[in-house]
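Novice: For reference, the file final07.cif (mmCIF, C-alpha atoms (C1' of nucleotides)) is included below:
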data_run
#
loop_
_atom_site.group_PDB
_atom_site.id
_atom_site.type_symbol
_atom_site.label_atom_id
_atom_site.label_comp_id
_atom_site.auth_asym_id
_atom_site.auth_seq_id
_atom_site.Cartn_x
_atom_site.Cartn_y
_atom_site.Cartn_z
ATOM 1 C CA MET A 27 -86.134 -22.126 -13.224
ATOM 2 C CA GLU A 28 -84.602 -18.775 -12.447
ATOM 3 C CA LEU A 29 -81.241 -19.542 -13.950
ATOM 4 C CA CYS A 30 -82.696 -19.688 -17.437
ATOM 5 C CA PRO A 31 -82.373 -16.952 -20.035
ATOM 6 C CA PRO A 32 -85.153 -14.374 -19.778
ATOM 7 C CA ASN A 33 -87.224 -15.124 -22.861
ATOM 8 C CA ARG A 34 -86.829 -18.788 -23.665
ATOM 9 C CA SER A 35 -86.488 -21.142 -20.759
ATOM 10 C CA PRO A 36 -86.543 -24.826 -21.584
ATOM 11 C CA GLY A 37 -86.357 -27.106 -18.600
ATOM 12 C CA CYS A 38 -84.392 -29.817 -20.379
ATOM 13 C CA PRO A 39 -82.272 -30.254 -23.497
ATOM 14 C CA VAL A 40 -84.956 -32.179 -25.357
ATOM 15 C CA GLU A 41 -87.343 -29.311 -24.818
ATOM 16 C CA GLY A 42 -84.649 -26.851 -25.828
ATOM 17 C CA ALA A 43 -84.038 -28.642 -29.089
ATOM 18 C CA LEU A 44 -87.756 -28.809 -29.819
ATOM 19 C CA ASP A 45 -88.050 -25.109 -29.135
ATOM 20 C CA ALA A 46 -85.562 -24.513 -31.920
ATOM 21 C CA ILE A 47 -87.170 -26.699 -34.574
ATOM 22 C CA GLY A 48 -90.703 -27.076 -33.263
ATOM 23 C CA GLY A 49 -92.434 -24.134 -34.932
ATOM 24 C CA LYS A 50 -95.216 -24.942 -37.315
ATOM 25 C CA TRP A 51 -92.998 -24.570 -40.374
ATOM 26 C CA LYS A 52 -89.469 -24.655 -39.072
ATOM 27 C CA GLY A 53 -88.862 -28.326 -39.619
ATOM 28 C CA VAL A 54 -90.024 -28.066 -43.201
ATOM 29 C CA VAL A 55 -87.941 -24.966 -43.892
ATOM 30 C CA LEU A 56 -84.859 -26.665 -42.504
ATOM 31 C CA PHE A 57 -85.586 -29.729 -44.567
ATOM 32 C CA HIS A 58 -85.726 -27.738 -47.779
ATOM 33 C CA LEU A 59 -82.555 -25.896 -46.931
ATOM 34 C CA LEU A 60 -80.730 -29.198 -46.503
ATOM 35 C CA ASP A 61 -80.094 -29.278 -50.215
ATOM 36 C CA GLY A 62 -78.803 -25.764 -50.623
ATOM 37 C CA LYS A 63 -79.742 -22.116 -50.459
ATOM 38 C CA LYS A 64 -83.221 -21.012 -51.366
ATOM 39 C CA ARG A 65 -84.875 -17.699 -52.078
ATOM 40 C CA PHE A 66 -87.889 -16.527 -50.110
ATOM 41 C CA ASN A 67 -90.518 -17.186 -52.729
ATOM 42 C CA GLU A 68 -88.818 -20.380 -53.697
ATOM 43 C CA LEU A 69 -89.419 -21.686 -50.188
ATOM 44 C CA ARG A 70 -92.925 -20.350 -50.286
ATOM 45 C CA ARG A 71 -93.732 -22.251 -53.414
ATOM 46 C CA MET A 72 -92.314 -25.406 -51.873
ATOM 47 C CA MET A 73 -94.750 -25.247 -48.998
ATOM 48 C CA PRO A 74 -98.249 -24.596 -50.155
ATOM 49 C CA GLY A 75 -100.249 -23.458 -47.171
ATOM 50 C CA VAL A 76 -97.667 -21.239 -45.577
ATOM 51 C CA THR A 77 -98.435 -17.554 -45.704
ATOM 52 C CA GLN A 78 -95.889 -14.903 -46.500
ATOM 53 C CA ARG A 79 -96.091 -13.613 -42.980
ATOM 54 C CA MET A 80 -95.620 -16.956 -41.280
ATOM 55 C CA LEU A 81 -92.705 -17.873 -43.497
ATOM 56 C CA THR A 82 -91.050 -14.564 -42.692
ATOM 57 C CA ARG A 83 -91.535 -15.102 -38.991
ATOM 58 C CA GLN A 84 -90.263 -18.639 -38.926
ATOM 59 C CA LEU A 85 -87.217 -17.637 -40.955
ATOM 60 C CA ARG A 86 -86.522 -14.759 -38.584
ATOM 61 C CA GLU A 87 -86.684 -17.074 -35.588
ATOM 62 C CA LEU A 88 -84.424 -19.597 -37.244
ATOM 63 C CA GLU A 89 -82.041 -16.770 -37.996
ATOM 64 C CA ALA A 90 -82.200 -15.549 -34.399
ATOM 65 C CA ASP A 91 -81.370 -19.054 -33.220
ATOM 66 C CA GLY A 92 -78.369 -19.090 -35.530
ATOM 67 C CA LEU A 93 -79.629 -21.970 -37.634
ATOM 68 C CA VAL A 94 -80.230 -20.091 -40.852
ATOM 69 C CA HIS A 95 -78.257 -17.433 -42.672
ATOM 70 C CA ARG A 96 -80.009 -14.584 -44.468
ATOM 71 C CA GLU A 97 -78.244 -12.921 -47.357
ATOM 72 C CA VAL A 98 -79.820 -9.801 -48.823
ATOM 73 C CA TYR A 99 -78.835 -8.587 -52.283
ATOM 74 C CA ALA A 100 -79.418 -4.902 -52.930
ATOM 75 C CA GLU A 101 -81.215 -5.421 -56.193
ATOM 76 C CA VAL A 102 -84.569 -4.604 -57.633
ATOM 77 C CA PRO A 103 -86.654 -6.649 -57.502
ATOM 78 C CA PRO A 104 -85.185 -7.677 -54.147
ATOM 79 C CA ARG A 105 -83.365 -10.952 -53.732
ATOM 80 C CA VAL A 106 -82.833 -12.683 -50.421
ATOM 81 C CA GLU A 107 -81.213 -16.056 -50.061
ATOM 82 C CA TYR A 108 -81.562 -18.341 -47.101
ATOM 83 C CA SER A 109 -79.108 -21.087 -46.248
ATOM 84 C CA LEU A 110 -78.163 -23.270 -43.315
ATOM 85 C CA THR A 111 -75.431 -22.091 -40.994
ATOM 86 C CA ALA A 112 -72.893 -24.560 -39.631
ATOM 87 C CA LYS A 113 -75.089 -24.880 -36.586
ATOM 88 C CA GLY A 114 -78.091 -25.513 -38.787
ATOM 89 C CA GLU A 115 -76.167 -28.224 -40.577
ATOM 90 C CA THR A 116 -75.787 -30.094 -37.297
ATOM 91 C CA LEU A 117 -79.515 -30.733 -37.458
ATOM 92 C CA ARG A 118 -79.290 -32.600 -40.753
ATOM 93 C CA ASP A 119 -79.391 -36.079 -39.272
ATOM 94 C CA ILE A 120 -82.226 -35.184 -36.948
ATOM 95 C CA ILE A 121 -84.321 -33.671 -39.726
ATOM 96 C CA LEU A 122 -83.736 -36.672 -41.929
ATOM 97 C CA ALA A 123 -84.598 -38.988 -39.039
ATOM 98 C CA LEU A 124 -87.819 -37.066 -38.454
ATOM 99 C CA LYS A 125 -88.659 -37.319 -42.121
ATOM 100 C CA ALA A 126 -88.062 -41.060 -42.143
ATOM 101 C CA TRP A 127 -90.082 -41.504 -38.982
ATOM 102 C CA GLY A 128 -92.947 -39.457 -40.372
ATOM 103 C CA GLU A 129 -92.978 -41.470 -43.559
ATOM 104 C CA THR A 130 -93.335 -44.752 -41.774
ATOM 105 C CA HIS A 131 -95.306 -43.778 -38.678
ATOM 106 C CA VAL A 132 -97.585 -40.872 -39.475
ATOM 107 C CA PRO A 133 -100.709 -42.589 -40.811
ATOM 108 C CA TYR A 134 -101.253 -40.146 -43.638
ATOM 109 C CA PHE A 135 -97.812 -40.807 -45.097
ATOM 110 C CA ALA A 136 -97.457 -44.404 -44.066
ATOM 111 C CA LEU A 137 -100.311 -45.205 -46.440
ATOM 112 C CA SER A 138 -99.812 -43.737 -49.857
ATOM 113 C CA LYS A 139 -96.135 -43.375 -50.585
ATOM 114 C CA PRO A 140 -95.352 -45.285 -53.772
ATOM 115 C CA ARG A 141 -91.714 -44.227 -53.633
ATOM 116 C CA LEU A 142 -91.475 -40.802 -55.136
ATOM 117 C CA PRO A 143 -88.205 -39.257 -56.298
ATOM 118 C CA GLU A 144 -87.819 -37.304 -53.039
ATOM 119 C CA ALA A 145 -88.704 -33.947 -54.541
ATOM 120 C CA GLU A 146 -92.437 -34.359 -54.116
ATOM 121 C CA THR A 147 -92.479 -35.708 -50.595
ATOM 122 C CA ALA A 148 -92.294 -32.369 -48.889
ATOM 123 C CA MET B 15 -104.582 -30.180 -48.754
ATOM 124 C CA GLU B 16 -107.947 -31.852 -49.036
ATOM 125 C CA LEU B 17 -106.634 -35.368 -49.036
ATOM 126 C CA CYS B 18 -105.442 -35.079 -45.475
ATOM 127 C CA PRO B 19 -107.209 -36.509 -42.457
ATOM 128 C CA PRO B 20 -109.804 -34.108 -41.031
ATOM 129 C CA ASN B 21 -108.153 -32.919 -37.838
ATOM 130 C CA ARG B 22 -104.415 -33.180 -38.293
ATOM 131 C CA SER B 23 -103.049 -32.386 -41.704
ATOM 132 C CA PRO B 24 -99.301 -32.113 -41.968
ATOM 133 C CA GLY B 25 -98.040 -31.179 -45.370
ATOM 134 C CA CYS B 26 -94.891 -33.230 -45.139
ATOM 135 C CA PRO B 27 -93.462 -36.075 -43.078
ATOM 136 C CA VAL B 28 -91.125 -33.805 -41.112
ATOM 137 C CA GLU B 29 -94.076 -31.719 -40.064
ATOM 138 C CA GLY B 30 -96.042 -34.849 -39.272
ATOM 139 C CA ALA B 31 -93.327 -36.159 -37.006
ATOM 140 C CA LEU B 32 -93.012 -32.821 -35.243
ATOM 141 C CA ASP B 33 -96.753 -32.770 -34.707
ATOM 142 C CA ALA B 34 -96.417 -35.987 -32.777
ATOM 143 C CA ILE B 35 -93.562 -34.990 -30.489
ATOM 144 C CA GLY B 36 -93.665 -31.210 -30.692
ATOM 145 C CA GLY B 37 -96.028 -30.350 -27.846
ATOM 146 C CA LYS B 38 -94.627 -28.298 -25.033
ATOM 147 C CA TRP B 39 -94.012 -31.333 -22.830
ATOM 148 C CA LYS B 40 -94.241 -34.298 -25.141
ATOM 149 C CA GLY B 41 -90.563 -34.600 -25.844
ATOM 150 C CA VAL B 42 -89.776 -34.511 -22.167
ATOM 151 C CA VAL B 43 -92.452 -37.033 -21.294
ATOM 152 C CA LEU B 44 -91.169 -39.389 -23.963
ATOM 153 C CA PHE B 45 -87.655 -38.900 -22.719
ATOM 154 C CA HIS B 46 -88.596 -39.882 -19.195
ATOM 155 C CA LEU B 47 -90.513 -42.882 -20.407
ATOM 156 C CA LEU B 48 -87.454 -44.127 -22.275
ATOM 157 C CA ASP B 49 -86.245 -45.744 -19.094
ATOM 158 C CA GLY B 50 -89.438 -47.488 -18.139
ATOM 159 C CA LYS B 51 -92.999 -46.989 -16.993
ATOM 160 C CA LYS B 52 -93.865 -44.055 -14.802
ATOM 161 C CA ARG B 53 -96.862 -43.075 -12.726
ATOM 162 C CA PHE B 54 -98.655 -39.785 -13.282
ATOM 163 C CA ASN B 55 -97.320 -37.948 -10.267
ATOM 164 C CA GLU B 56 -93.931 -39.464 -10.789
ATOM 165 C CA LEU B 57 -93.752 -37.737 -14.167
ATOM 166 C CA ARG B 58 -95.114 -34.592 -12.650
ATOM 167 C CA ARG B 59 -92.375 -34.482 -10.059
ATOM 168 C CA MET B 60 -89.795 -35.042 -12.777
ATOM 169 C CA MET B 61 -90.873 -31.932 -14.634
ATOM 170 C CA PRO B 62 -91.272 -29.027 -12.317
ATOM 171 C CA GLY B 63 -93.312 -26.396 -14.085
ATOM 172 C CA VAL B 64 -95.822 -28.648 -15.742
ATOM 173 C CA THR B 65 -99.360 -28.326 -14.438
ATOM 174 C CA GLN B 66 -101.600 -31.280 -13.768
ATOM 175 C CA ARG B 67 -103.854 -30.257 -16.592
ATOM 176 C CA MET B 68 -101.112 -29.882 -19.176
ATOM 177 C CA LEU B 69 -99.513 -33.170 -18.244
ATOM 178 C CA THR B 70 -102.871 -34.878 -18.564
ATOM 179 C CA ARG B 71 -103.437 -33.328 -21.974
ATOM 180 C CA GLN B 72 -100.044 -34.141 -23.362
ATOM 181 C CA LEU B 73 -100.318 -37.714 -22.152
ATOM 182 C CA ARG B 74 -103.751 -38.053 -23.731
ATOM 183 C CA GLU B 75 -102.433 -36.793 -27.052
ATOM 184 C CA LEU B 76 -99.475 -39.112 -26.927
ATOM 185 C CA GLU B 77 -101.901 -41.921 -26.167
ATOM 186 C CA ALA B 78 -104.127 -40.904 -29.078
ATOM 187 C CA ASP B 79 -101.106 -40.982 -31.371
ATOM 188 C CA GLY B 80 -100.307 -44.474 -30.165
ATOM 189 C CA LEU B 81 -96.956 -43.528 -28.692
ATOM 190 C CA VAL B 82 -97.806 -44.072 -25.056
ATOM 191 C CA HIS B 83 -99.733 -46.769 -23.255
ATOM 192 C CA ARG B 84 -101.956 -45.928 -20.314
ATOM 193 C CA GLU B 85 -102.628 -48.618 -17.765
ATOM 194 C CA VAL B 86 -105.221 -47.899 -15.098
ATOM 195 C CA TYR B 87 -105.325 -49.967 -11.936
ATOM 196 C CA ALA B 88 -108.679 -50.055 -10.178
ATOM 197 C CA GLU B 89 -107.253 -49.245 -6.794
ATOM 198 C CA VAL B 90 -107.692 -46.593 -4.201
ATOM 199 C CA PRO B 91 -105.862 -44.330 -4.239
ATOM 200 C CA PRO B 92 -105.821 -44.593 -8.026
ATOM 201 C CA ARG B 93 -102.760 -45.794 -9.848
ATOM 202 C CA VAL B 94 -102.076 -45.148 -13.517
ATOM 203 C CA GLU B 95 -98.914 -46.205 -15.253
ATOM 204 C CA TYR B 96 -97.631 -44.767 -18.483
ATOM 205 C CA SER B 97 -95.208 -46.545 -20.754
ATOM 206 C CA LEU B 98 -93.970 -46.383 -24.326
ATOM 207 C CA THR B 99 -95.702 -48.470 -26.938
ATOM 208 C CA ALA B 100 -93.694 -50.219 -29.633
ATOM 209 C CA LYS B 101 -94.366 -47.221 -31.843
ATOM 210 C CA GLY B 102 -93.190 -44.911 -29.096
ATOM 211 C CA GLU B 103 -90.007 -46.939 -28.797
ATOM 212 C CA THR B 104 -89.215 -46.162 -32.428
ATOM 213 C CA LEU B 105 -88.644 -42.571 -31.324
ATOM 214 C CA ARG B 106 -85.874 -43.501 -28.903
ATOM 215 C CA ASP B 107 -83.011 -42.570 -31.201
ATOM 216 C CA ILE B 108 -84.654 -39.331 -32.216
ATOM 217 C CA ILE B 109 -85.317 -38.278 -28.631
ATOM 218 C CA LEU B 110 -81.763 -39.088 -27.652
ATOM 219 C CA ALA B 111 -80.464 -37.200 -30.664
ATOM 220 C CA LEU B 112 -82.567 -34.195 -29.698
ATOM 221 C CA LYS B 113 -81.246 -34.379 -26.171
ATOM 222 C CA ALA B 114 -77.658 -34.527 -27.383
ATOM 223 C CA TRP B 115 -78.255 -31.655 -29.781
ATOM 224 C CA GLY B 116 -79.859 -29.563 -27.063
ATOM 225 C CA GLU B 117 -76.971 -30.195 -24.734
ATOM 226 C CA THR B 118 -74.397 -28.970 -27.162
ATOM 227 C CA HIS B 119 -76.329 -26.332 -29.107
ATOM 228 C CA VAL B 120 -78.904 -24.732 -26.863
ATOM 229 C CA PRO B 121 -76.960 -21.936 -25.166
ATOM 230 C CA TYR B 122 -78.436 -22.537 -21.736
ATOM 231 C CA PHE B 123 -77.274 -26.149 -21.699
ATOM 232 C CA ALA B 124 -74.156 -25.754 -23.760
ATOM 233 C CA LEU B 125 -72.707 -23.654 -20.943
ATOM 234 C CA SER B 126 -73.000 -25.274 -17.567
ATOM 235 C CA LYS B 127 -73.035 -29.039 -17.946
ATOM 236 C CA PRO B 128 -70.311 -30.466 -15.715
ATOM 237 C CA ARG B 129 -71.255 -34.008 -16.677
ATOM 238 C CA LEU B 130 -74.067 -35.078 -14.434
ATOM 239 C CA PRO B 131 -75.101 -38.690 -13.949
ATOM 240 C CA GLU B 132 -77.906 -38.350 -16.516
ATOM 241 C CA ALA B 133 -80.713 -38.395 -13.966
ATOM 242 C CA GLU B 134 -80.623 -34.688 -13.274
ATOM 243 C CA THR B 135 -80.380 -33.411 -16.822
ATOM 244 C CA ALA B 136 -84.082 -33.452 -17.470
ATOM 245 C "C1'" DT C 22 -112.720 -36.138 12.969
ATOM 246 C "C1'" DG C 23 -109.688 -34.171 9.870
ATOM 247 C "C1'" DC C 24 -105.988 -34.221 6.711
ATOM 248 C "C1'" DA C 25 -103.082 -36.247 3.138
ATOM 249 C "C1'" DT C 26 -102.708 -38.974 -1.088
ATOM 250 C "C1'" DT C 27 -104.022 -40.433 -6.071
ATOM 251 C "C1'" DA C 28 -105.235 -39.118 -10.876
ATOM 252 C "C1'" DG C 29 -107.632 -36.697 -12.570
ATOM 253 C "C1'" DT C 30 -112.051 -33.052 -14.287
ATOM 254 C "C1'" DA C 31 -114.510 -28.361 -14.579
ATOM 255 C "C1'" DT C 32 -114.415 -23.686 -15.092
ATOM 256 C "C1'" DA C 33 -112.513 -19.426 -16.093
ATOM 257 C "C1'" DC C 34 -109.128 -16.911 -17.882
ATOM 258 C "C1'" DA C 35 -104.451 -15.142 -19.968
ATOM 259 C "C1'" DA C 36 -100.970 -15.443 -23.248
ATOM 260 C "C1'" DA C 37 -98.691 -17.068 -27.176
ATOM 261 C "C1'" DA C 38 -98.740 -18.935 -31.733
ATOM 262 C "C1'" DT C 39 -100.678 -18.864 -36.027
ATOM 263 C "C1'" DG C 40 -103.558 -17.092 -39.648
ATOM 264 C "C1'" DT C 41 -106.040 -13.547 -42.929
ATOM 265 C "C1'" DC C 42 -106.041 -9.489 -45.571
ATOM 266 C "C1'" DA C 43 -104.431 -5.446 -47.367
ATOM 267 C "C1'" DC C 44 -100.506 -2.670 -48.247
ATOM 268 C "C1'" DT C 45 -95.486 -1.106 -49.606
ATOM 269 C "C1'" DA C 46 -91.373 -0.002 -53.273
ATOM 270 C "C1'" DT C 47 -89.123 -0.346 -57.596
ATOM 271 C "C1'" DA C 48 -87.989 -2.259 -62.010
ATOM 272 C "C1'" DT C 49 -89.260 -4.777 -66.122
ATOM 273 C "C1'" DG C 50 -92.361 -6.367 -69.914
ATOM 274 C "C1'" DC C 51 -96.475 -5.446 -72.754
ATOM 275 C "C1'" DG D 22 -100.176 3.248 -68.412
ATOM 276 C "C1'" DC D 23 -100.843 -1.174 -66.285
ATOM 277 C "C1'" DA D 24 -99.838 -5.584 -64.568
ATOM 278 C "C1'" DT D 25 -96.228 -8.565 -62.642
ATOM 279 C "C1'" DA D 26 -92.655 -9.879 -59.615
ATOM 280 C "C1'" DT D 27 -89.866 -9.509 -55.182
ATOM 281 C "C1'" DA D 28 -89.627 -9.686 -50.075
ATOM 282 C "C1'" DG D 29 -91.564 -8.188 -47.075
ATOM 283 C "C1'" DT D 30 -94.779 -5.175 -43.020
ATOM 284 C "C1'" DG D 31 -98.991 -3.788 -40.147
ATOM 285 C "C1'" DA D 32 -103.558 -4.363 -38.123
ATOM 286 C "C1'" DC D 33 -106.329 -7.586 -36.689
ATOM 287 C "C1'" DA D 34 -108.890 -12.284 -35.786
ATOM 288 C "C1'" DT D 35 -108.595 -16.863 -34.451
ATOM 289 C "C1'" DT D 36 -106.657 -21.040 -32.520
ATOM 290 C "C1'" DT D 37 -103.741 -23.245 -29.580
ATOM 291 C "C1'" DT D 38 -101.503 -23.517 -25.449
ATOM 292 C "C1'" DG D 39 -100.979 -22.575 -20.783
ATOM 293 C "C1'" DT D 40 -102.426 -20.994 -15.947
ATOM 294 C "C1'" DA D 41 -104.960 -20.882 -11.507
ATOM 295 C "C1'" DT D 42 -108.284 -22.602 -8.644
ATOM 296 C "C1'" DA D 43 -111.528 -25.536 -6.936
ATOM 297 C "C1'" DC D 44 -113.631 -29.981 -6.966
ATOM 298 C "C1'" DT D 45 -113.994 -35.397 -6.951
ATOM 299 C "C1'" DA D 46 -113.765 -40.324 -4.281
ATOM 300 C "C1'" DA D 47 -111.847 -43.936 -1.353
ATOM 301 C "C1'" DT D 48 -108.407 -45.014 1.702
ATOM 302 C "C1'" DG D 49 -104.604 -44.591 5.382
ATOM 303 C "C1'" DC D 50 -102.962 -42.230 9.297
ATOM 304 C "C1'" DA D 51 -103.083 -39.512 13.647
#
Starting from the file, lay out its structure as structure tokens.

Specialist:
Amino acid sequence: MELCPPNRSPGCPVEGALDAIGGKWKGVVLFHLLDGKKRFNELRRMMPGVTQRMLTRQLRELEADGLVHREVYAEVPPRVEYSLTAKGETLRDIILALKAWGETHVPYFALSKPRLPEAETA
Amino acid sequence: MELCPPNRSPGCPVEGALDAIGGKWKGVVLFHLLDGKKRFNELRRMMPGVTQRMLTRQLRELEADGLVHREVYAEVPPRVEYSLTAKGETLRDIILALKAWGETHVPYFALSKPRLPEAETA
DNA sequence: TGCATTAGTATACAAAATGTCACTATATGC
DNA sequence: GCATATAGTGACATTTTGTATACTAATGCA
């Protein structure tokens, strides 16, 4: 295991991929960014339960992994827009597959999903 | 968030799916089980770095989620075989997609992969 | 007799991830 | 003047995850 990078050291590609998207909120953030750029508070409102601090952290990690782009506008009040990078885009199919799997196999969702117009599901 | 099951309460299907496969070793365990049943120590040898305790825990959680089947043989020395359930099998494509993504996008793997015969990669 | 093997469990502890709460700056609307 | 909104940060508490070590019981092998 000594050939691995100092901080993160996955032992196999599956683990490596899960490291990148496996944070508590990362999958959800990526999912929301699939349909275009979002502002910080916009994301926050989309995920009730996430705290400001956690959202910031997850976004920073996604940025560090090159999956998300952060664009700061020097305005007041501040405006920051998050979007997927090209690398982030390569996760699209996986995220959508995870969503589909969750909908049919996670008990909580497998039950009560009377076909909503996609916006409410996450 | 009060409509969720007591212990696990993902806010969206993506999160729910990641809960199921997102443990430190779950993805890897599932990956190894893709090609058939494995004994406890067999899995352990396949993942250097995992401790007995962690492997036990991850397997128990996978079992609780209905993804893995645990078959105990009343022998001495004990023999326990782990295999994917039908539900676990439904993750095959996702696991393989994660592996492929990791191989091309996780820096550590993206570098030095001179096409190994699949057995060594994880 | 003593040691190895199997699939764990118990205990204690360390570290990492996640969470809460209060705080910031500046401009706009009332 | 005061509240509101934005996108955060800092100190701290808690929860989850991981580690190390020792222990189990029945059998095979030397």

Novice: Could you tell me which residues the PyMOL selection byres ((chain D and resi 24) around 10) grabs in this file, written as an NGL selection string?

Specialist: (:C and (50-51)) or (:D and (22-23 or 25-26))

Novice: Could you write out the selected residues, including C-alpha atoms (C1' of nucleotides), as a compact mmCIF listing (two decimals), in the frame of the given file?

Specialist:
# COMPACT_ATOMS: atom_id res chain seq x y z
C1' DG C 50 -92.36 -6.37 -69.91
C1' DC C 51 -96.48 -5.45 -72.75
C1' DG D 22 -100.18 3.25 -68.41
C1' DC D 23 -100.84 -1.17 -66.28
C1' DT D 25 -96.23 -8.56 -62.64
C1' DA D 26 -92.66 -9.88 -59.62

Novice: Enumerate as an NGL selection string the residues belonging to chain A that approach chain D to within 9 Å, with all atoms listed in the file taken into account.

Specialist: :A and (66-67 or 78-79 or 82 or 102-106)

Novice: Would you give me, as JSON lines, each residue of chain A having an atom within 6 Å of an atom of chain B, along with its shortest atom pair and that distance in Å to one decimal, using all atoms listed in the file and sorting by chain and residue number?

Specialist:
{"residue": "A:Cys38", "atom": "CA", "partner": "B:Ala136", "partner_atom": "CA", "distance": 4.7}
{"residue": "A:Pro39", "atom": "CA", "partner": "B:Gly116", "partner_atom": "CA", "distance": 4.4}
{"residue": "A:Val40", "atom": "CA", "partner": "B:Lys113", "partner_atom": "CA", "distance": 4.4}
{"residue": "A:Gly42", "atom": "CA", "partner": "B:Gly116", "partner_atom": "CA", "distance": 5.6}
{"residue": "A:Ala43", "atom": "CA", "partner": "B:Gly116", "partner_atom": "CA", "distance": 4.7}
{"residue": "A:Gly48", "atom": "CA", "partner": "B:Gly36", "partner_atom": "CA", "distance": 5.7}
{"residue": "A:Leu124", "atom": "CA", "partner": "B:Val28", "partner_atom": "CA", "distance": 5.4}
{"residue": "A:Lys125", "atom": "CA", "partner": "B:Val28", "partner_atom": "CA", "distance": 4.4}
{"residue": "A:Gly128", "atom": "CA", "partner": "B:Pro27", "partner_atom": "CA", "distance": 4.4}
{"residue": "A:Glu129", "atom": "CA", "partner": "B:Pro27", "partner_atom": "CA", "distance": 5.4}
{"residue": "A:Ala148", "atom": "CA", "partner": "B:Cys26", "partner_atom": "CA", "distance": 4.6}

Novice: Those selected residues, please, written with C-alpha atoms and delivered as an mmCIF file, in the frame of the given file.

Specialist:
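The resulting file, again_23.cif, is reproduced below:
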data_model
loop_
_atom_site.group_PDB
_atom_site.id
_atom_site.type_symbol
_atom_site.label_atom_id
_atom_site.label_comp_id
_atom_site.auth_asym_id
_atom_site.auth_seq_id
_atom_site.Cartn_x
_atom_site.Cartn_y
_atom_site.Cartn_z
ATOM 1 C CA CYS A 38 -84.392 -29.817 -20.379
ATOM 2 C CA PRO A 39 -82.272 -30.254 -23.497
ATOM 3 C CA VAL A 40 -84.956 -32.179 -25.357
ATOM 4 C CA GLY A 42 -84.649 -26.851 -25.828
ATOM 5 C CA ALA A 43 -84.038 -28.642 -29.089
ATOM 6 C CA GLY A 48 -90.703 -27.076 -33.263
ATOM 7 C CA LEU A 124 -87.819 -37.066 -38.454
ATOM 8 C CA LYS A 125 -88.659 -37.319 -42.121
ATOM 9 C CA GLY A 128 -92.947 -39.457 -40.372
ATOM 10 C CA GLU A 129 -92.978 -41.470 -43.559
ATOM 11 C CA ALA A 148 -92.294 -32.369 -48.889
#

Novice: Report, in Å with one decimal, the straight-line distance from atom CA of Leu73 of chain B to atom C1' of DG40 of chain C.

Specialist: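 Going from atom CA of Leu73 of chain B over to atom C1' of DG40 of chain C covers 27.2 Å.
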
Novice: Show me, as JSON lines, the residues of chain C having an atom within 12 Å of chain A, each with the closest atom pair and its distance in Å, using only C-alpha atoms (C1' of nucleotides).

Specialist:
{"residue": "C:DA38", "atom": "C1'", "partner": "A:Gly49", "partner_atom": "CA", "distance": 8.8}
{"residue": "C:DT39", "atom": "C1'", "partner": "A:Met80", "partner_atom": "CA", "distance": 7.5}
{"residue": "C:DG40", "atom": "C1'", "partner": "A:Thr77", "partner_atom": "CA", "distance": 7.9}
{"residue": "C:DT41", "atom": "C1'", "partner": "A:Thr77", "partner_atom": "CA", "distance": 9.0}
{"residue": "C:DC42", "atom": "C1'", "partner": "A:Arg79", "partner_atom": "CA", "distance": 11.1}
{"residue": "C:DA46", "atom": "C1'", "partner": "A:Pro103", "partner_atom": "CA", "distance": 9.2}
{"residue": "C:DT47", "atom": "C1'", "partner": "A:Val102", "partner_atom": "CA", "distance": 6.2}
{"residue": "C:DA48", "atom": "C1'", "partner": "A:Val102", "partner_atom": "CA", "distance": 6.0}
{"residue": "C:DT49", "atom": "C1'", "partner": "A:Pro103", "partner_atom": "CA", "distance": 9.2}

Novice: To one decimal in Å, tell me the separation between atom C1' of DA37 of chain C and atom CA of Arg71 of chain B.

Specialist: 17.7 Å

Novice: In Å, with one decimal, what is the gap from atom CA of Ala88 of chain B to atom C1' of DT22 of chain C?

Specialist: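 Separation between atom CA of Ala88 of chain B and atom C1' of DT22 of chain C: 27.3 Å.
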
Novice: Got a sec: who's within 12 Å of Asp49 of chain B, counting all atoms listed in the file, leaving out chain neighbours fewer than 2 positions off, as a list in words?

Specialist: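 Here the answer would be Val43, Leu44, Phe45, His46, Leu47, Lys51, Lys52, Tyr96, Ser97, Leu98, Glu103, Arg106, Leu110, Glu132 and Ala133 of chain B.
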